[in-house]
Every structure is written in structure tokens, then in C-alpha cells.
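Data block for entry_24.txt (compact mmCIF, C-alpha atoms):
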```txt
# COMPACT_ATOMS: atom_id res chain seq x y z
CA MET J 1 2.54 -5.15 20.80
CA ASN J 2 6.07 -4.24 21.85
CA ILE J 3 8.85 -6.80 21.59
CA ASN J 4 11.28 -7.31 24.43
CA TRP J 5 14.60 -7.42 22.57
CA GLU J 6 16.73 -8.09 25.64
CA PRO J 7 16.91 -11.89 25.11
CA LEU J 8 18.15 -11.30 21.56
CA ARG J 9 20.70 -8.80 22.79
CA GLN J 10 22.08 -11.53 25.04
CA ILE J 11 22.13 -14.09 22.22
CA ILE J 12 24.07 -11.63 20.05
CA GLU J 13 26.55 -10.89 22.82
CA ASP J 14 27.12 -14.61 23.50
CA HIS J 15 27.78 -15.73 19.91
CA GLN J 16 30.03 -14.78 17.00
CA HIS J 17 28.90 -16.62 13.84
CA PHE J 18 25.42 -15.92 12.44
CA VAL J 19 23.52 -17.14 9.38
CA ILE J 20 20.40 -15.30 8.21
CA SER J 21 17.71 -16.89 6.02
CA SER J 22 14.25 -16.06 4.75
CA HIS J 23 11.47 -17.60 2.67
CA VAL J 24 11.51 -19.00 -0.84
CA ARG J 25 11.01 -16.47 -3.64
CA PRO J 26 12.19 -13.66 -1.36
CA ASP J 27 10.56 -10.26 -1.70
CA ALA J 28 11.88 -6.86 -0.66
CA ASP J 29 10.83 -7.32 2.97
CA ALA J 30 12.78 -10.59 3.09
CA ILE J 31 15.95 -9.36 1.36
CA GLY J 32 15.77 -5.91 2.95
CA SER J 33 15.39 -7.38 6.44
CA GLU J 34 18.28 -9.77 5.85
CA ILE J 35 20.62 -7.02 4.65
CA GLY J 36 19.53 -4.63 7.40
CA LEU J 37 20.08 -7.26 10.08
CA ALA J 38 23.42 -8.31 8.59
CA ARG J 39 24.71 -4.74 8.74
CA ILE J 40 23.57 -4.40 12.36
CA LEU J 41 25.34 -7.61 13.39
CA GLU J 42 28.48 -6.71 11.44
CA SER J 43 28.61 -3.31 13.15
CA LEU J 44 28.77 -5.26 16.41
CA GLY J 45 31.75 -7.26 15.16
CA LYS J 46 29.88 -10.43 14.25
CA SER J 47 30.52 -12.79 11.35
CA VAL J 48 27.42 -12.98 9.12
CA SER J 49 26.34 -15.05 6.13
CA ILE J 50 23.00 -14.92 4.30
CA VAL J 51 21.76 -18.18 2.78
CA ASN J 52 18.38 -18.64 1.10
CA SER J 53 16.71 -21.50 -0.74
CA SER J 54 15.93 -19.18 -3.67
CA ALA J 55 18.08 -16.74 -5.57
CA THR J 56 17.65 -13.02 -5.01
CA PRO J 57 15.41 -11.56 -7.74
CA ALA J 58 17.37 -9.35 -10.11
CA ASN J 59 15.17 -6.34 -9.37
CA LEU J 60 16.34 -6.48 -5.74
CA TYR J 61 20.08 -6.62 -6.43
CA PHE J 62 20.32 -2.93 -5.56
CA LEU J 63 19.55 -3.81 -1.93
CA ASP J 64 22.53 -6.16 -1.84
CA PRO J 65 25.25 -4.66 -4.04
CA SER J 66 27.92 -6.99 -2.64
CA ARG J 67 25.70 -10.05 -3.33
CA GLN J 68 26.02 -11.24 0.25
CA ALA J 69 22.77 -13.20 0.01
CA GLN J 70 23.63 -16.56 -1.52
CA GLN J 71 21.42 -19.33 -2.79
CA LEU J 72 21.95 -22.72 -1.20
CA GLY J 73 24.12 -24.65 -3.62
CA ALA J 74 26.39 -21.72 -4.32
CA ALA J 75 26.64 -21.47 -0.54
CA LYS J 76 28.04 -24.58 1.14
CA PRO J 77 25.61 -26.50 3.37
CA GLU J 78 28.11 -26.18 6.22
CA LEU J 79 27.31 -22.48 6.44
CA VAL J 80 23.85 -23.49 7.62
CA THR J 81 24.62 -26.59 9.66
CA GLN J 82 27.64 -25.17 11.50
CA ALA J 83 26.34 -21.70 12.32
CA GLU J 84 26.23 -20.77 15.97
CA VAL J 85 22.96 -18.88 15.49
CA HIS J 86 20.51 -19.17 12.62
CA VAL J 87 18.23 -16.14 12.31
CA ILE J 88 15.06 -16.62 10.24
CA VAL J 89 13.38 -13.40 9.10
CA ASP J 90 9.98 -12.72 7.53
CA THR J 91 8.68 -16.28 7.88
CA SER J 92 7.84 -18.83 10.54
CA SER J 93 7.14 -21.69 8.15
CA TRP J 94 9.14 -24.85 7.49
CA THR J 95 7.62 -25.06 4.01
CA GLN J 96 8.69 -21.50 3.19
CA LEU J 97 12.25 -22.27 4.29
CA SER J 98 12.38 -25.19 1.85
CA ASP J 99 15.88 -26.72 1.43
CA VAL J 100 17.46 -24.40 3.99
CA GLY J 101 14.86 -25.58 6.48
CA LYS J 102 15.75 -29.20 5.81
CA LEU J 103 19.37 -28.45 6.68
CA MET J 104 18.32 -26.50 9.75
CA ARG J 105 16.56 -29.59 11.09
CA THR J 106 19.91 -31.44 11.10
CA SER J 107 21.77 -28.61 12.82
CA SER J 108 22.32 -27.90 16.49
CA SER J 109 22.48 -24.15 15.80
CA LYS J 110 20.48 -21.88 18.07
CA ARG J 111 17.47 -20.57 16.14
CA VAL J 112 15.93 -17.13 16.24
CA VAL J 113 12.80 -15.97 14.40
CA ILE J 114 12.03 -12.30 13.64
CA ASP J 115 8.69 -12.11 11.86
CA HIS J 116 5.36 -10.33 11.53
CA HIS J 117 3.24 -13.08 9.94
CA VAL J 118 0.31 -14.70 11.73
CA SER J 119 0.82 -18.15 10.21
CA SER J 120 3.43 -20.03 12.19
CA ASP J 121 5.13 -23.40 12.63
CA ASP J 122 7.17 -24.46 15.62
CA LEU J 123 10.69 -23.95 14.34
CA GLY J 124 12.25 -24.65 17.72
CA ALA J 125 13.35 -21.04 17.82
CA VAL J 126 13.41 -18.12 20.20
CA GLU J 127 10.71 -15.94 18.63
CA PHE J 128 10.57 -12.18 18.31
CA LYS J 129 7.22 -11.66 16.59
CA ASN J 130 4.73 -8.85 16.26
CA THR J 131 1.83 -9.85 14.02
CA SER J 132 0.44 -6.31 14.07
CA SER J 133 3.65 -4.90 12.57
CA GLU J 134 3.44 -3.74 8.96
CA ALA J 135 6.74 -5.35 7.93
CA THR J 136 9.63 -7.38 9.27
CA GLY J 137 11.82 -4.47 8.19
CA SER J 138 10.15 -2.37 10.89
CA LEU J 139 11.08 -4.98 13.49
CA ILE J 140 14.71 -4.95 12.35
CA PHE J 141 14.72 -1.17 12.70
CA GLN J 142 13.32 -1.47 16.23
CA LEU J 143 16.07 -3.98 17.02
CA SER J 144 18.69 -1.47 15.84
CA GLU J 145 17.27 1.09 18.25
CA ALA J 146 17.22 -1.43 21.11
CA LEU J 147 20.88 -2.23 20.40
CA ASN J 148 21.74 1.46 20.00
CA VAL J 149 23.17 0.82 16.52
CA LYS J 150 23.34 3.68 14.02
CA LEU J 151 22.31 2.34 10.64
CA SER J 152 24.47 2.74 7.54
CA PRO J 153 22.90 4.21 4.38
CA GLU J 154 22.90 0.70 2.86
CA ALA J 155 21.01 -0.74 5.84
CA ALA J 156 18.59 2.20 5.83
CA THR J 157 17.90 1.71 2.12
CA ALA J 158 17.25 -2.00 2.60
CA LEU J 159 14.86 -1.46 5.52
CA PHE J 160 13.02 1.41 3.82
CA ALA J 161 12.43 -0.80 0.77
CA ALA J 162 11.24 -3.62 3.04
CA ILE J 163 8.67 -1.41 4.75
CA ALA J 164 7.57 0.53 1.66
CA THR J 165 6.84 -2.59 -0.37
CA ASP J 166 5.02 -4.48 2.38
CA THR J 167 2.78 -1.46 2.97
CA GLY J 168 2.02 -0.84 -0.71
CA TRP J 169 4.15 2.28 -0.52
CA PHE J 170 2.49 3.32 2.77
CA ARG J 171 -1.13 2.95 1.67
CA PHE J 172 -2.20 -0.30 3.42
CA PRO J 173 -4.25 -0.27 6.64
CA ALA J 174 -1.33 -1.45 8.78
CA VAL J 175 0.44 1.88 8.26
CA SER J 176 0.52 3.99 11.43
CA ALA J 177 2.18 7.09 12.74
CA GLU J 178 4.96 4.81 14.01
CA THR J 179 5.46 3.50 10.47
CA MET J 180 6.04 7.02 9.24
CA ARG J 181 8.36 7.79 12.16
CA ILE J 182 10.49 4.81 11.20
CA ALA J 183 10.45 5.84 7.54
CA GLY J 184 11.55 9.34 8.50
CA ARG J 185 14.44 8.01 10.59
CA LEU J 186 15.55 5.77 7.72
CA ILE J 187 15.62 8.78 5.42
CA GLU J 188 17.77 10.57 7.99
CA TYR J 189 20.13 7.57 7.91
CA GLY J 190 20.48 7.86 4.13
CA ALA J 191 17.57 6.10 2.44
CA SER J 192 16.33 7.88 -0.68
CA PRO J 193 12.61 7.20 -1.37
CA GLN J 194 12.98 8.53 -4.91
CA ALA J 195 15.89 6.23 -5.76
CA ILE J 196 14.27 3.22 -4.10
CA TYR J 197 10.97 3.75 -5.91
CA ARG J 198 12.80 4.11 -9.22
CA GLU J 199 14.71 0.85 -8.66
CA LEU J 200 11.57 -1.04 -7.63
CA TYR J 201 8.98 0.24 -10.04
CA GLU J 202 10.60 2.07 -12.95
CA GLN J 203 13.07 -0.50 -14.26
CA GLY J 204 10.63 -2.85 -15.98
CA SER J 205 11.53 -4.53 -19.26
CA LEU J 206 9.33 -4.44 -22.34
CA ALA J 207 8.76 -8.15 -21.74
CA LYS J 208 7.36 -7.36 -18.31
CA MET J 209 5.00 -4.77 -19.75
CA HIS J 210 3.72 -7.30 -22.26
CA LEU J 211 3.23 -9.90 -19.51
CA VAL J 212 1.34 -7.42 -17.34
CA GLY J 213 -0.80 -6.52 -20.32
CA ARG J 214 -1.59 -10.19 -20.91
CA ALA J 215 -2.65 -10.68 -17.30
CA LEU J 216 -4.73 -7.50 -17.17
CA GLY J 217 -6.38 -8.35 -20.46
CA ARG J 218 -7.85 -11.56 -19.06
CA MET J 219 -8.84 -10.16 -15.66
CA LYS J 220 -12.38 -11.05 -14.58
CA VAL J 221 -14.71 -10.00 -11.78
CA GLU J 222 -17.37 -12.02 -9.97
CA CYS J 223 -19.57 -11.82 -6.89
CA ASP J 224 -21.27 -8.59 -8.02
CA GLY J 225 -17.88 -7.10 -8.82
CA HIS J 226 -16.44 -7.73 -5.36
CA LEU J 227 -13.88 -10.34 -6.49
CA ALA J 228 -11.28 -9.75 -9.22
CA TYR J 229 -8.74 -12.27 -10.45
CA THR J 230 -6.37 -13.22 -13.23
CA TYR J 231 -3.68 -15.77 -14.01
CA ILE J 232 -0.45 -16.37 -15.92
CA GLU J 233 0.59 -19.69 -17.42
CA TRP J 234 4.21 -20.80 -17.51
CA ASN J 235 4.44 -20.89 -21.31
CA GLU J 236 3.70 -17.16 -21.36
CA PHE J 237 6.98 -16.41 -19.60
CA THR J 238 8.80 -18.21 -22.39
CA GLU J 239 6.67 -16.73 -25.14
CA LEU J 240 7.16 -13.16 -23.95
CA ASN J 241 10.75 -13.60 -22.66
CA ALA J 242 9.58 -12.56 -19.19
CA VAL J 243 10.62 -13.87 -15.77
CA PRO J 244 8.58 -14.76 -12.65
CA ALA J 245 9.86 -11.68 -10.81
CA ASP J 246 7.95 -9.60 -13.38
CA THR J 247 4.72 -10.58 -11.61
CA GLU J 248 5.69 -8.92 -8.32
CA ASP J 249 2.76 -6.85 -6.97
CA LEU J 250 0.66 -7.61 -10.05
CA VAL J 251 -2.16 -8.89 -7.82
CA ASN J 252 -2.66 -5.35 -6.52
CA GLU J 253 -3.71 -4.23 -10.00
CA CYS J 254 -6.84 -6.33 -9.55
CA LEU J 255 -7.81 -4.28 -6.50
CA LYS J 256 -7.86 -1.14 -8.63
CA VAL J 257 -11.16 -2.23 -10.20
CA LEU J 258 -14.02 -0.17 -8.77
CA GLY J 259 -16.02 -2.09 -6.18
CA THR J 260 -13.58 -4.92 -5.54
CA LYS J 261 -13.17 -6.17 -1.99
CA ALA J 262 -10.75 -9.02 -2.71
CA ALA J 263 -8.50 -10.27 -5.48
CA PHE J 264 -6.06 -13.00 -6.38
CA ILE J 265 -3.61 -13.98 -9.08
CA ALA J 266 -2.50 -17.48 -10.00
CA ILE J 267 0.96 -17.94 -11.53
CA GLU J 268 2.01 -21.26 -12.98
CA GLN J 269 5.53 -22.29 -11.96
CA GLN J 270 8.09 -24.11 -14.05
CA ASN J 271 7.39 -27.30 -12.04
CA ARG J 272 3.68 -26.87 -12.93
CA GLN J 273 2.68 -25.93 -9.41
CA ALA J 274 0.39 -22.94 -8.98
CA LYS J 275 1.52 -20.00 -6.86
CA PHE J 276 -1.31 -17.82 -5.53
CA SER J 277 -1.27 -14.32 -4.12
CA PHE J 278 -4.46 -13.30 -2.30
CA ARG J 279 -5.42 -9.76 -1.33
CA SER J 280 -8.33 -8.16 0.56
CA ARG J 281 -9.40 -4.67 1.47
CA SER J 282 -12.41 -5.74 3.53
CA GLU J 283 -12.22 -6.60 7.21
CA TYR J 284 -14.69 -9.36 6.46
CA VAL J 285 -12.52 -11.17 3.89
CA ASN J 286 -9.68 -12.95 5.66
CA VAL J 287 -7.39 -14.14 2.88
CA ALA J 288 -4.94 -15.66 5.38
CA ALA J 289 -7.69 -18.15 6.27
CA VAL J 290 -8.16 -18.94 2.57
CA ALA J 291 -4.42 -19.44 2.10
CA GLU J 292 -4.18 -21.67 5.16
CA THR J 293 -6.72 -24.10 3.68
CA PHE J 294 -4.14 -24.73 0.95
CA GLY J 295 -1.15 -24.97 3.27
CA GLY J 296 -0.14 -21.34 2.84
CA GLY J 297 -0.52 -18.32 5.09
CA GLY J 298 0.19 -14.67 5.62
CA HIS J 299 -1.87 -11.76 6.86
CA ARG J 300 -5.58 -11.11 7.01
CA MET J 301 -5.38 -8.83 3.98
CA ALA J 302 -2.36 -10.27 2.15
CA ALA J 303 -1.51 -13.95 1.93
CA GLY J 304 -0.22 -16.63 -0.41
CA ALA J 305 -0.13 -20.35 -1.08
CA THR J 306 1.33 -22.84 -3.53
CA LEU J 307 -0.80 -25.71 -4.82
CA PRO J 308 0.21 -28.79 -6.82
CA GLY J 309 -0.86 -28.97 -10.47
CA PRO J 310 -2.52 -29.36 -12.85
CA PHE J 311 -2.55 -25.59 -12.95
CA MET J 312 -6.15 -24.99 -14.01
CA THR J 313 -7.40 -27.52 -11.44
CA ALA J 314 -5.57 -25.63 -8.72
CA PHE J 315 -6.87 -22.35 -10.12
CA ALA J 316 -10.46 -23.62 -9.96
CA SER J 317 -10.01 -24.67 -6.32
CA ALA J 318 -8.64 -21.28 -5.32
CA LEU J 319 -11.38 -19.47 -7.24
CA GLU J 320 -14.07 -21.43 -5.44
CA ALA J 321 -12.48 -20.73 -2.05
CA MET J 322 -12.26 -17.00 -2.76
CA ARG J 323 -15.84 -16.93 -4.05
CA SER J 324 -17.01 -18.50 -0.81
CA ALA J 325 -15.01 -16.04 1.29
CA VAL J 326 -16.30 -13.01 -0.59
CA LEU J 327 -19.92 -14.16 -0.60
CA ALA J 328 -19.74 -14.91 3.13
CA ALA J 329 -18.27 -11.46 3.71
CA SER J 330 -21.05 -9.82 1.68
CA ALA J 331 -23.65 -11.62 3.79
CA LEU J 332 -21.98 -10.41 7.01
CA GLU J 333 -21.82 -6.83 5.76
CA ALA J 334 -25.51 -6.93 4.76
CA ALA J 335 -26.66 -8.39 8.08
CA PRO J 336 -28.51 -5.89 10.30
CA ALA J 337 -26.62 -4.62 13.33
CA PRO J 338 -27.57 -6.43 16.56
```
Can you dump the structure from the file as C-alpha cells?
Amino acid sequence: MNINWEPLRQIIEDHQHFVISSHVRPDADAIGSEIGLARILESLGKSVSIVNSSATPANLYFLDPSRQAQQLGAAKPELVTQAEVHVIVDTSSWTQLSDVGKLMRTSSSKRVVIDHHVSSDDLGAVEFKNTSSEATGSLIFQLSEALNVKLSPEAATALFAAIATDTGWFRFPAVSAETMRIAGRLIEYGASPQAIYRELYEQGSLAKMHLVGRALGRMKVECDGHLAYTYIEWNEFTELNAVPADTEDLVNECLKVLGTKAAFIAIEQQNRQAKFSFRSRSEYVNVAAVAETFGGGGHRMAAGATLPGPFMTAFASALEAMRSAVLAASALEAAPAP
């Protein structure tokens, strides 16, 4: 699915002041896409601010050395409400935009969405979406080519990190020859895979290692070993001196168990809500559908949702939903071919 970038080219030409935002608890695809897009717009002489509802996780500071991405509160609301164009990247959900989204609703700014997620709300925006794309970072790279913009090393680093993380370092099914072409071009522009990997995965604190050990130690499997899951309670962050960002990608550890087809992790938040990350490696287990039943969303093989507490009640609900999805998938796989 190729995107026609010409309407966005015209929007960029016609306006000067841009604000970029992404989803709550931004990951590397969110922050990387924001920084990559900001550098593209700035190279075209545009004024750019980045405002999110959540702070940038400390492990992603290297993508934004100048700390351009601000959390709403530190950034004045007027940045959002008075922008000429508000570009939303890596989400199409009002819920995921949180407080920034509430301000957007009061603004007359033109809205643009650049996203690769299936789940979608009507944000009243001009949409540039490709749900078959492996990462929003890939879409930002394609935009740079459409605009004939040569990326800076900083932009290349941000976009490489965005793509690498959303593809599980190029091992997920969405990876294609085009993915690797883009990765190669980003390396030519100055991205260093070795340095990026080191920043993302080899800077963990001892507290993080203890937290990961706690989660792995209580991992369980069900459904004949096809479903793996674990959880982390909020008091464990305090007890171990860990932070929520230490759980990034932890759900993927569950998929390393032999025979698993799907996995999830539940993480209790400070407000006692339960944040879930769902993963699948079976075409028959659609975790986006599971997430959507709880008001979340994502991709067929990677999705998430946040449920109200009590935590263990929410955990039980998600476990039952994933059991049903995995058992239904097993029945489909076992059915004789027509």
C-alpha cells in the first residue's frame, strides 16, 4: 500500500508552525518518528515543537539530545491550541493522545495523522496511513524521500531506532526487503546500528535486571504451552527501585518459551490501572482483536490495552480473553483443510 504524499507536501508548503505529538508512554517508534519528522520539517525552514502527554523515557533520551520533545505542562498549552498544523504520529486514538488530545479538540489547527496501526478513531485529520507498514518510522523515511530531503545523522538514528524496535530488531513477520532497503539508507545517512543497539539494550540498571528476573520467575504457560504470561505489581517498582520503562519489550521474553503461540504481560500502574502488552506469532491469534475488547488496539501480532483496577481483576479478565483466543486458534489450526 503506497501512500500519496502530495497532499502533505502541499500542507507543509502552505504552513509555517507545526506541532508534533504521539501516544502516551511513547516508545522508540513514537519518539523516533517525532524527531525524524521534526528534522525534516526544520530542514524545510519550518518552526516545529514536539508536545506529548507523557515524558520521554530516559532510555530514549539519546534520540532527542536537545530534549525537543516536551511533556504537556512543561510545554504551554498554547503550543498545541495555536499551532497551524498538528501532526500526530504512531497513533490514531483519542485515548492514546490523552491530555494533548483534549487540547486538540479545542483547537482549530489543521490535523495530520501519520500512522501504521489498524485501530483508528476519527481525529478529524488528513490521514497518511499504511497498516501494512512495519513502523511509523518507515513512513517518515518515505516522506523524506517524497520531499527530496536528505536526512541528518540525528534523524537517521531516530528513524533507524523506530524501525528496529517495532520490528523486534528486524525479526518480526512485517519485515520485508523494503524494510532492509530503508535500514541500509539510514545507515548511509549516519545511523549506527551498533551504537543504537547499545543504547537501547545494553544500558540496563541492576534494578531493571532484578525486575526482569522477578517477572520471568513467575511466568506461567497454559493452553498446552501455547500461551505464556506474567505480571508486575506496582509495589515491585518501589521495592526494587525500578521504573516502568524497565519493562519495555519484556513481553517478548514470554514468546521465547518453546511452543508458545501468544503471550502477554500485565503491568500495574501507579494509579492502579493495569497496562497490558499482547503478542502473537500465529496468524490465527489476533491480539489486536483482544486488545480492542478492552478499549485498546494495535496490530494483529502486537497490541496493547489499559484496564481499570483492581489489578488482579483486570489481569483475570485479560487472561480469560487470551485463553479464549488461543484455544480458538488451536481449533482452527487443527481443523481439516476444506
- Message: Could you check the closest approach to Ser120 in chain J for each of J:Tyr231, J:Ala242, J:Arg185, J:His299 and tell me which residue wins, using all atoms listed in the file?
- Response: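 Of J:Tyr231, J:Ala242, J:Arg185, J:His299, the one nearest Ser120 in chain J, counting all atoms listed in the file, is J:His299.
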- Message: Which polymer residues, whether protein, DNA or RNA, lie within 10 Å of the coordinate (12.9, -1.8, 0.3) when you count all atoms listed in the file? List them as number ranges by chain, using the chain letters and numbers from the file.
- Response: J: 27-33, 60, 62-63, 137, 155-166, 169, 191, 193, 196-197, 199-200
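Between CA of Leu211 in chain J and CA of Lys256 in chain J there is a distance of 17.8 Å.
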- For CA of Ile88 in chain J and CA of Asp115 in chain J, determine how far apart the two atoms are, in Å to one decimal place.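 The value is 8.0 Å.
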- Got a sec: who's within 9 Å of Ile140 in chain J, counting all atoms listed in the file, leaving out chain neighbours fewer than 5 positions off, as a list in words?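 Listing them by chain and then by number gives Ser33, Glu34, Gly36, Leu37, Ile40, Ile114, Glu145 and Leu159 of chain J.
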- Nearest candidate to Asn271 in chain J (options J:Leu227, J:Leu206, J:Leu307, J:Ala318; using only C-alpha atoms):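 When distances to Asn271 in chain J are compared using only C-alpha atoms, the smallest one comes from J:Leu307.
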- Message: Applying 10 Å and all atoms listed in the file, which residues near Ile265 in chain J remain after dropping the ones on its own chain fewer than 6 positions away? List them as number ranges by chain.
- Response: J: 215, 219, 228-232, 247, 249-254, 274-279, 304, 315, 318-319
- Message: Could you check which residues have any atom within 6 Å of (13.7, -19.0, 2.7), counting all atoms listed in the file with coordinates taken straight from the file, and then list them as a list in words?
- Response: Ser21, Ser22, His23, Val24, Asn52, Ser53, Gln96 and Leu97 of chain J
For the residues in the current selection, export C-alpha atoms as a short mmCIF file (atom, residue, chain, number, x, y, z; two decimals), in the coordinates of the input.
```
data_model
loop_
_atom_site.label_atom_id
_atom_site.label_comp_id
_atom_site.auth_asym_id
_atom_site.auth_seq_id
_atom_site.Cartn_x
_atom_site.Cartn_y
_atom_site.Cartn_z
CA SER J 21 17.71 -16.89 6.02
CA SER J 22 14.25 -16.06 4.75
CA HIS J 23 11.47 -17.60 2.67
CA VAL J 24 11.51 -19.00 -0.84
CA ASN J 52 18.38 -18.64 1.10
CA SER J 53 16.71 -21.50 -0.74
CA GLN J 96 8.69 -21.50 3.19
CA LEU J 97 12.25 -22.27 4.29
#
```
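Interatomic distance, CA of Val100 in chain J against CA of Leu72 in chain J: 7.1 Å.
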- Message: Please list as a PyMOL selection string every residue within 12 Å of Pro7 in chain J, counting only C-alpha atoms and excluding residues in the same chain fewer than 3 positions away.
- Response: chain J and resi 3-4+10-14+112+126-128+143+146-147
- Task: Just the residues within 12 Å of Ala302 in chain J, please, counting only C-alpha atoms, with nothing from its chain fewer than 4 positions along; format it as a ChimeraX atom specification.
- Result: /J:117-119,134-135,166-168,172-174,249,251-252,255,262-265,276-283,285-292,296-298
- For Ser107 in chain J: contacts at 8 Å, all atoms listed in the file, fewer than 5 positions along chain excluded, given as JSON, numbers by chain: {"J": [80, 81, 82]}
